[in-house]
Amino acid sequence: MTAARPVILAMPENAALTRSIAGRLHAELGMVGVRQFPDGESHVRIDADVARRDVVIVCALHRPDPKIVPLWLAIDAARDLGATRVGLVAPYLAYMRQDRRFQPGEALAARSFARLLSRAADFLATVDPHLHRIRGLDEIYTIPTRVAHAAPRIAQWVREHIENPVFVGPDVESRQWVAAVARASGAPSVVLRKVRHGDRDVEIDASELRGIGDRVPVLVDDILSTGHTLAATIRPIVAAGLRPPVCVAVHGVFAEGAAAMLERTGARIVTTNTIEHPTNRIDMGEDLAAAVADLLSAGVAPPASIAATP
Ligand code: R5P
């Protein structure tokens with residue numbers, strides 16, 4: 001008997017990437033409907049038959065807090081309806097920047113969030129999590145994980161669209177992505193220094209920009225949140241009369257006001273589709289499908305104590 005096709009379910013706002021992943025895995029595509037009751041509680045409904053099948057739920061976790069309860073309800077419903085294993089694709093993984101206790105008494109959110117998701121799902125696939133002081137997801141996640149990397153896709157997009165680029169990283173944390181993209185493109189790169197004074201107040205030391213000449217500056221960062229890091233990098237480039245920059249972010253979180261502020265800089269913004277946004281130009285579906293296929297074939301065991309209720 002052949003195993004039933006897996007079911008890939010899209011949480012709201014994840015339909016395009018879910019379709020891309022499901023198509024490549026020849027999996028059945030389904031949706032998780034979420035609506036709010038008048039009292040603010042969530043109503044969650046899975047529109048697919050998940051009994052005795054592997055289920056993968058796709059949910060980008062930007063602005064995560066209101067998404068967590070519906071996601072938990074969807075995972076638990078899939079188990080309750082008889083799913084064999086329930087994995088999570090979180091193309092953008094939240095809370096990874098809170099990887100240290102910066103002030104006494106603060107929650108170590110990256111670790112707490114990892115414990116929460118590890119209790120919920122049987123496995124996790126994501127794209128370029130913000131790994132800085134935490135070296136790998138295995139340090140904090142207790143379930144099997146796979147990471148897809150955006151650098152090859154970004155390099156390909158730049159090769160196809162930008163002539164004579166130089167990659168620019170706004171800060172040391174961006175070095176890993178900038179270096180990978182530059183390597184894959186065979187183009188030079190510089191990494192600048194950033195001082196963050198507050199959530200929306202950053203300063204960039206742009207002295208390294210001297211010497212990039214007539215090349216097109218391609219700013220690369222993993223997360224675009226308030227947009228201030230990119231804006232503070234764009235300004236000295238424009239002020240120095242260099243070629244108009246192009247910004248490529250892996251995860252376009254676009255916090256309140258970010259899109260309008262970046263539009264005023266005149267720079268072109270491009271993102272991958274880990275978070276649905278009009279700037280999406282780079283599809284991570286193939287890479288996430290490969291990560292999911294690997295997890296499904298790795299024989300991740302279903303939890304021992306789950307029994308379906310009628
Ligand atoms: C931090 O080190 C990250 O790599 C990004 O540079 C940062 O998250 C960008 O945040 P924002 O858009 O709020 O400046």
# chains A, B, ... in the order shown; residues from 1 in each chain; ligands from 1
call {"tool": "residues_around", "arguments": {"residues": "Asp47 of chain A", "least_positions_apart": "6", "cutoff": "12 Å", "atoms": "only C-alpha atoms", "output": "list in words"}}
result
Val7, Ile8, Leu9, Ala10, Met11, Glu28, Leu29, Gly30, Met31, Val32, Gly33, Val34, Ala74, Ala77, Ala78 and Leu81 of chain A
call {"tool": "write_last_selection", "arguments": {"atoms": "N, CA, C and O atoms", "output": "PDB file, in the first residue's frame"}}
result
ATOM      1  N   VAL A   7      -0.486  16.461   3.463  1.00  0.00           N
ATOM      2  CA  VAL A   7      -1.360  17.626   3.299  1.00  0.00           C
ATOM      3  C   VAL A   7      -0.585  18.851   3.766  1.00  0.00           C
ATOM      4  O   VAL A   7      -0.024  18.848   4.860  1.00  0.00           O
ATOM      5  N   ILE A   8      -0.549  19.884   2.935  1.00  0.00           N
ATOM      6  CA  ILE A   8       0.117  21.130   3.315  1.00  0.00           C
ATOM      7  C   ILE A   8      -0.963  22.171   3.529  1.00  0.00           C
ATOM      8  O   ILE A   8      -1.736  22.481   2.602  1.00  0.00           O
ATOM      9  N   LEU A   9      -1.033  22.706   4.725  1.00  0.00           N
ATOM     10  CA  LEU A   9      -2.106  23.645   5.081  1.00  0.00           C
ATOM     11  C   LEU A   9      -1.549  25.053   5.237  1.00  0.00           C
ATOM     12  O   LEU A   9      -0.546  25.257   5.930  1.00  0.00           O
ATOM     13  N   ALA A  10      -2.221  26.015   4.634  1.00  0.00           N
ATOM     14  CA  ALA A  10      -1.795  27.419   4.759  1.00  0.00           C
ATOM     15  C   ALA A  10      -2.590  28.102   5.865  1.00  0.00           C
ATOM     16  O   ALA A  10      -3.817  28.102   5.827  1.00  0.00           O
ATOM     17  N   MET A  11      -1.884  28.677   6.818  1.00  0.00           N
ATOM     18  CA  MET A  11      -2.544  29.599   7.731  1.00  0.00           C
ATOM     19  C   MET A  11      -2.823  30.880   6.929  1.00  0.00           C
ATOM     20  O   MET A  11      -2.225  31.099   5.871  1.00  0.00           O
ATOM     21  N   GLU A  28      -1.264  17.447  -1.143  1.00  0.00           N
ATOM     22  CA  GLU A  28      -2.583  18.082  -1.216  1.00  0.00           C
ATOM     23  C   GLU A  28      -2.511  19.444  -0.528  1.00  0.00           C
ATOM     24  O   GLU A  28      -1.904  19.574   0.533  1.00  0.00           O
ATOM     25  N   LEU A  29      -3.124  20.439  -1.139  1.00  0.00           N
ATOM     26  CA  LEU A  29      -3.107  21.798  -0.586  1.00  0.00           C
ATOM     27  C   LEU A  29      -4.405  22.037   0.164  1.00  0.00           C
ATOM     28  O   LEU A  29      -5.485  21.733  -0.325  1.00  0.00           O
ATOM     29  N   GLY A  30      -4.297  22.553   1.368  1.00  0.00           N
ATOM     30  CA  GLY A  30      -5.499  22.889   2.137  1.00  0.00           C
ATOM     31  C   GLY A  30      -5.306  24.210   2.848  1.00  0.00           C
ATOM     32  O   GLY A  30      -4.225  24.800   2.824  1.00  0.00           O
ATOM     33  N   MET A  31      -6.375  24.677   3.453  1.00  0.00           N
ATOM     34  CA  MET A  31      -6.338  25.971   4.144  1.00  0.00           C
ATOM     35  C   MET A  31      -6.769  25.779   5.596  1.00  0.00           C
ATOM     36  O   MET A  31      -7.573  24.905   5.901  1.00  0.00           O
ATOM     37  N   VAL A  32      -6.250  26.642   6.432  1.00  0.00           N
ATOM     38  CA  VAL A  32      -6.781  26.736   7.794  1.00  0.00           C
ATOM     39  C   VAL A  32      -7.537  28.060   7.856  1.00  0.00           C
ATOM     40  O   VAL A  32      -6.934  29.124   7.662  1.00  0.00           O
ATOM     41  N   GLY A  33      -8.838  27.954   8.073  1.00  0.00           N
ATOM     42  CA  GLY A  33      -9.642  29.181   8.190  1.00  0.00           C
ATOM     43  C   GLY A  33      -9.571  29.687   9.622  1.00  0.00           C
ATOM     44  O   GLY A  33      -9.691  28.899  10.563  1.00  0.00           O
ATOM     45  N   VAL A  34      -9.341  30.967   9.775  1.00  0.00           N
ATOM     46  CA  VAL A  34      -9.286  31.547  11.127  1.00  0.00           C
ATOM     47  C   VAL A  34     -10.187  32.781  11.138  1.00  0.00           C
ATOM     48  O   VAL A  34     -10.088  33.630  10.258  1.00  0.00           O
ATOM     49  N   ALA A  74      -4.712  24.979  15.389  1.00  0.00           N
ATOM     50  CA  ALA A  74      -4.663  24.238  14.119  1.00  0.00           C
ATOM     51  C   ALA A  74      -3.824  22.965  14.261  1.00  0.00           C
ATOM     52  O   ALA A  74      -4.219  21.889  13.799  1.00  0.00           O
ATOM     53  N   ALA A  77      -5.779  20.568  16.395  1.00  0.00           N
ATOM     54  CA  ALA A  77      -6.929  20.027  15.662  1.00  0.00           C
ATOM     55  C   ALA A  77      -6.461  18.954  14.688  1.00  0.00           C
ATOM     56  O   ALA A  77      -7.104  17.904  14.553  1.00  0.00           O
ATOM     57  N   ALA A  78      -5.344  19.199  14.003  1.00  0.00           N
ATOM     58  CA  ALA A  78      -4.837  18.205  13.039  1.00  0.00           C
ATOM     59  C   ALA A  78      -4.540  16.885  13.759  1.00  0.00           C
ATOM     60  O   ALA A  78      -4.889  15.798  13.288  1.00  0.00           O
ATOM     61  N   LEU A  81      -7.733  15.206  14.726  1.00  0.00           N
ATOM     62  CA  LEU A  81      -8.439  14.634  13.569  1.00  0.00           C
ATOM     63  C   LEU A  81      -7.681  13.447  12.985  1.00  0.00           C
ATOM     64  O   LEU A  81      -8.023  12.952  11.926  1.00  0.00           O
TER      65      LEU A  81
END
call {"tool": "residues_around", "arguments": {"residues": "Ala4 of chain A", "least_positions_apart": "2", "cutoff": "12 Å", "atoms": "only C-alpha atoms", "output": "number ranges by chain"}}
result
A: 1-2, 6-7, 26-28, 49-55, 83-84
call {"tool": "write_last_selection", "arguments": {"atoms": "N, CA and C atoms", "output": "PDB file, in the first residue's frame"}}
result
ATOM      1  N   MET A   1       0.841  -1.201   0.000  1.00  0.00           N
ATOM      2  CA  MET A   1       0.000   0.000   0.000  1.00  0.00           C
ATOM      3  C   MET A   1       0.881   1.257   0.000  1.00  0.00           C
ATOM      4  N   THR A   2       0.580   2.210  -0.882  1.00  0.00           N
ATOM      5  CA  THR A   2       1.403   3.431  -0.897  1.00  0.00           C
ATOM      6  C   THR A   2       0.906   4.397   0.175  1.00  0.00           C
ATOM      7  N   PRO A   6       1.006  13.718   1.644  1.00  0.00           N
ATOM      8  CA  PRO A   6       0.925  14.661   2.757  1.00  0.00           C
ATOM      9  C   PRO A   6      -0.026  15.811   2.434  1.00  0.00           C
ATOM     10  N   VAL A   7      -0.486  16.461   3.463  1.00  0.00           N
ATOM     11  CA  VAL A   7      -1.360  17.626   3.299  1.00  0.00           C
ATOM     12  C   VAL A   7      -0.585  18.851   3.766  1.00  0.00           C
ATOM     13  N   HIS A  26       4.088  17.571  -4.549  1.00  0.00           N
ATOM     14  CA  HIS A  26       2.913  16.824  -5.016  1.00  0.00           C
ATOM     15  C   HIS A  26       2.020  16.474  -3.831  1.00  0.00           C
ATOM     16  N   ALA A  27       1.890  17.441  -2.933  1.00  0.00           N
ATOM     17  CA  ALA A  27       1.067  17.242  -1.735  1.00  0.00           C
ATOM     18  C   ALA A  27      -0.304  17.861  -1.960  1.00  0.00           C
ATOM     19  N   GLU A  28      -1.264  17.447  -1.143  1.00  0.00           N
ATOM     20  CA  GLU A  28      -2.583  18.082  -1.216  1.00  0.00           C
ATOM     21  C   GLU A  28      -2.511  19.444  -0.528  1.00  0.00           C
ATOM     22  N   ASP A  49      -8.998  16.629   4.655  1.00  0.00           N
ATOM     23  CA  ASP A  49      -9.050  15.377   5.407  1.00  0.00           C
ATOM     24  C   ASP A  49      -7.620  15.007   5.817  1.00  0.00           C
ATOM     25  N   VAL A  50      -7.336  15.074   7.097  1.00  0.00           N
ATOM     26  CA  VAL A  50      -5.945  14.877   7.538  1.00  0.00           C
ATOM     27  C   VAL A  50      -5.723  13.522   8.214  1.00  0.00           C
ATOM     28  N   ALA A  51      -6.791  12.728   8.350  1.00  0.00           N
ATOM     29  CA  ALA A  51      -6.672  11.468   9.093  1.00  0.00           C
ATOM     30  C   ALA A  51      -5.628  10.549   8.461  1.00  0.00           C
ATOM     31  N   ARG A  52      -4.743  10.022   9.276  1.00  0.00           N
ATOM     32  CA  ARG A  52      -3.685   9.076   8.877  1.00  0.00           C
ATOM     33  C   ARG A  52      -2.760   9.657   7.799  1.00  0.00           C
ATOM     34  N   ARG A  53      -2.599  10.969   7.797  1.00  0.00           N
ATOM     35  CA  ARG A  53      -1.686  11.598   6.812  1.00  0.00           C
ATOM     36  C   ARG A  53      -0.725  12.524   7.537  1.00  0.00           C
ATOM     37  N   ASP A  54       0.437  12.706   6.925  1.00  0.00           N
ATOM     38  CA  ASP A  54       1.370  13.709   7.427  1.00  0.00           C
ATOM     39  C   ASP A  54       0.832  15.090   7.054  1.00  0.00           C
ATOM     40  N   VAL A  55       0.888  15.985   8.031  1.00  0.00           N
ATOM     41  CA  VAL A  55       0.351  17.335   7.827  1.00  0.00           C
ATOM     42  C   VAL A  55       1.467  18.345   8.083  1.00  0.00           C
ATOM     43  N   ALA A  83      -4.139  13.116  12.292  1.00  0.00           N
ATOM     44  CA  ALA A  83      -2.910  13.258  11.492  1.00  0.00           C
ATOM     45  C   ALA A  83      -1.804  12.382  12.072  1.00  0.00           C
ATOM     46  N   THR A  84      -0.956  11.861  11.198  1.00  0.00           N
ATOM     47  CA  THR A  84       0.141  10.996  11.654  1.00  0.00           C
ATOM     48  C   THR A  84       1.209  11.842  12.341  1.00  0.00           C
TER      49      THR A  84
END
call {"tool": "closest_residue", "arguments": {"among": "A:Cys247, A:Val86, A:Met261, A:Ile223", "to": "ligand 1", "atoms": "only C-alpha atoms and all ligand atoms"}}
result
A:Ile223
call {"tool": "residues_near_ligand", "arguments": {"ligand": "ligand 1", "cutoff": "10 Å", "atoms": "only C-alpha atoms and all ligand atoms", "output": "number ranges by chain"}}
result
A: 96-97, 130-132, 169-177, 194, 196, 198-203, 220-232, 249-255, 258
call {"tool": "write_last_selection", "arguments": {"atoms": "N, CA and C atoms", "output": "CSV table (one decimal), in the first residue's frame"}}
result
chain,number,residue,atom,x,y,z
A,96,MET,N,13.8,35.4,17.4
A,96,MET,CA,15.2,35.0,17.3
A,96,MET,C,16.2,36.1,17.7
A,97,ARG,N,15.7,37.4,17.6
A,97,ARG,CA,16.7,38.5,18.0
A,97,ARG,C,16.8,38.6,19.5
A,130,HIS,N,17.4,34.2,12.4
A,130,HIS,CA,18.4,35.2,12.9
A,130,HIS,C,19.3,34.6,13.9
A,131,LEU,N,20.3,33.9,13.5
A,131,LEU,CA,21.3,33.2,14.4
A,131,LEU,C,22.4,34.1,14.6
A,132,HIS,N,22.6,34.6,15.8
A,132,HIS,CA,23.7,35.5,16.2
A,132,HIS,C,24.4,34.9,17.4
A,169,GLY,N,26.6,45.2,3.5
A,169,GLY,CA,26.0,44.7,4.7
A,169,GLY,C,25.9,45.9,5.7
A,170,PRO,N,24.8,46.2,6.3
A,170,PRO,CA,24.7,47.4,7.2
A,170,PRO,C,25.4,47.2,8.5
A,171,ASP,N,25.6,45.9,9.0
A,171,ASP,CA,26.2,45.7,10.3
A,171,ASP,C,26.8,44.3,10.3
A,172,VAL,N,27.6,44.1,11.4
A,172,VAL,CA,28.3,42.8,11.5
A,172,VAL,C,27.4,41.6,11.5
A,173,GLU,N,26.1,41.8,12.0
A,173,GLU,CA,25.2,40.7,12.0
A,173,GLU,C,24.8,40.3,10.6
A,174,SER,N,24.9,41.2,9.7
A,174,SER,CA,24.5,40.9,8.3
A,174,SER,C,25.7,40.2,7.5
A,175,ARG,N,26.9,40.1,8.1
A,175,ARG,CA,28.0,39.6,7.4
A,175,ARG,C,27.8,38.2,6.8
A,176,GLN,N,27.1,37.3,7.6
A,176,GLN,CA,27.0,36.0,7.2
A,176,GLN,C,26.1,35.9,5.9
A,177,TRP,N,25.1,36.8,5.8
A,177,TRP,CA,24.3,36.7,4.6
A,177,TRP,C,25.0,37.4,3.4
A,194,LYS,N,27.2,49.4,12.6
A,194,LYS,CA,25.9,50.0,13.1
A,194,LYS,C,25.9,50.2,14.6
A,196,ARG,N,23.0,50.9,17.4
A,196,ARG,CA,21.6,51.0,17.6
A,196,ARG,C,21.4,51.8,18.9
A,198,GLY,N,18.2,52.8,19.7
A,198,GLY,CA,16.8,52.5,20.2
A,198,GLY,C,16.2,51.7,19.0
A,199,ASP,N,14.9,51.3,19.3
A,199,ASP,CA,14.2,50.4,18.3
A,199,ASP,C,14.2,51.1,16.9
A,200,ARG,N,14.0,52.4,16.9
A,200,ARG,CA,13.8,53.1,15.6
A,200,ARG,C,14.9,54.2,15.5
A,201,ASP,N,16.1,54.0,16.1
A,201,ASP,CA,17.1,55.0,16.0
A,201,ASP,C,18.5,54.2,15.9
A,202,VAL,N,18.9,54.2,14.6
A,202,VAL,CA,20.2,53.5,14.3
A,202,VAL,C,21.1,54.5,13.6
A,203,GLU,N,22.4,54.3,13.8
A,203,GLU,CA,23.4,55.1,13.1
A,203,GLU,C,24.4,54.1,12.4
A,220,VAL,N,22.1,44.1,1.6
A,220,VAL,CA,21.5,42.8,2.0
A,220,VAL,C,21.4,42.7,3.5
A,221,ASP,N,20.2,42.4,3.9
A,221,ASP,CA,20.0,42.1,5.4
A,221,ASP,C,19.0,41.0,5.5
A,222,ASP,N,19.1,40.4,6.7
A,222,ASP,CA,18.1,39.2,6.9
A,222,ASP,C,16.7,39.7,7.2
A,223,ILE,N,16.6,40.7,8.1
A,223,ILE,CA,15.3,41.2,8.5
A,223,ILE,C,15.1,42.7,8.2
A,224,LEU,N,14.0,43.0,7.6
A,224,LEU,CA,13.6,44.4,7.4
A,224,LEU,C,12.4,44.6,8.4
A,225,SER,N,12.7,45.3,9.5
A,225,SER,CA,11.6,45.5,10.4
A,225,SER,C,11.1,46.9,10.4
A,226,THR,N,11.7,47.8,11.2
A,226,THR,CA,11.3,49.2,11.1
A,226,THR,C,11.8,49.9,9.8
A,227,GLY,N,12.8,49.3,9.2
A,227,GLY,CA,13.4,49.8,8.0
A,227,GLY,C,14.5,50.8,8.3
A,228,HIS,N,14.7,51.1,9.6
A,228,HIS,CA,15.7,52.2,9.9
A,228,HIS,C,17.1,51.8,9.6
A,229,THR,N,17.5,50.5,9.7
A,229,THR,CA,18.8,50.0,9.4
A,229,THR,C,19.1,50.3,7.9
A,230,LEU,N,18.1,49.9,7.1
A,230,LEU,CA,18.3,50.1,5.6
A,230,LEU,C,18.3,51.6,5.3
A,231,ALA,N,17.4,52.4,5.9
A,231,ALA,CA,17.3,53.8,5.6
A,231,ALA,C,18.6,54.5,6.0
A,232,ALA,N,19.1,54.1,7.1
A,232,ALA,CA,20.4,54.8,7.6
A,232,ALA,C,21.6,54.4,6.7
A,249,ALA,N,16.1,42.2,1.3
A,249,ALA,CA,15.9,41.6,2.6
A,249,ALA,C,15.3,40.2,2.5
A,250,VAL,N,15.8,39.3,3.3
A,250,VAL,CA,15.3,37.9,3.3
A,250,VAL,C,13.8,38.0,3.8
A,251,HIS,N,13.6,38.6,5.0
A,251,HIS,CA,12.3,38.7,5.6
A,251,HIS,C,11.8,40.1,5.7
A,252,GLY,N,10.8,40.4,4.9
A,252,GLY,CA,10.2,41.7,4.9
A,252,GLY,C,9.1,41.8,6.0
A,253,VAL,N,9.5,42.1,7.2
A,253,VAL,CA,8.5,42.2,8.3
A,253,VAL,C,7.7,43.5,8.2
A,254,PHE,N,8.3,44.6,7.7
A,254,PHE,CA,7.7,45.9,7.5
A,254,PHE,C,6.8,46.3,8.7
A,255,ALA,N,7.5,46.6,9.8
A,255,ALA,CA,6.7,47.2,11.0
A,255,ALA,C,6.0,48.5,10.5
A,258,ALA,N,7.2,51.4,8.0
A,258,ALA,CA,8.5,51.1,7.4
A,258,ALA,C,8.4,51.3,5.9
call {"tool": "residues_around", "arguments": {"residues": "Arg111 of chain A", "least_positions_apart": "5", "cutoff": "8 Å", "atoms": "only C-alpha atoms", "output": "PyMOL selection string"}}
result
chain A and resi 99+140-141
call {"tool": "write_last_selection", "arguments": {"atoms": "N, CA and C atoms", "output": "short mmCIF file (atom, residue, chain, number, x, y, z; two decimals), in the first residue's frame"}}
result
data_model
loop_
_atom_site.label_atom_id
_atom_site.label_comp_id
_atom_site.auth_asym_id
_atom_site.auth_seq_id
_atom_site.Cartn_x
_atom_site.Cartn_y
_atom_site.Cartn_z
N ASP A 99 17.90 36.93 21.89
CA ASP A 99 18.69 35.72 22.16
C ASP A 99 19.55 35.86 23.41
N ILE A 140 18.33 25.37 20.73
CA ILE A 140 17.14 25.80 21.48
C ILE A 140 15.88 25.00 21.12
N TYR A 141 15.87 24.35 19.94
CA TYR A 141 14.69 23.54 19.56
C TYR A 141 14.98 22.08 19.86
#
call {"tool": "select_by_dssp", "arguments": {"residues": "segment 116-293 of chain A", "states": "helix (DSSP H, G or I)", "output": "ChimeraX atom specification"}}
result
/A:116-120,137-139,151-161,172-185,207-209,228-239,258-265,285-293
call {"tool": "closest_atom_pairs", "arguments": {"of": "segment 64-132 of chain A", "to": "segment 150-163 of chain A", "cutoff": "12 Å", "atoms": "only C-alpha atoms", "output": "JSON lines"}}
result
{"residue": "A:Pro91", "atom": "CA", "partner": "A:Ala150", "partner_atom": "CA", "distance": 10.8}
{"residue": "A:Tyr92", "atom": "CA", "partner": "A:Ala150", "partner_atom": "CA", "distance": 11.7}
{"residue": "A:Thr126", "atom": "CA", "partner": "A:Ala150", "partner_atom": "CA", "distance": 10.5}
{"residue": "A:Val127", "atom": "CA", "partner": "A:Ala150", "partner_atom": "CA", "distance": 6.9}
{"residue": "A:Asp128", "atom": "CA", "partner": "A:Ala150", "partner_atom": "CA", "distance": 6.8}
{"residue": "A:Pro129", "atom": "CA", "partner": "A:Ala150", "partner_atom": "CA", "distance": 10.5}
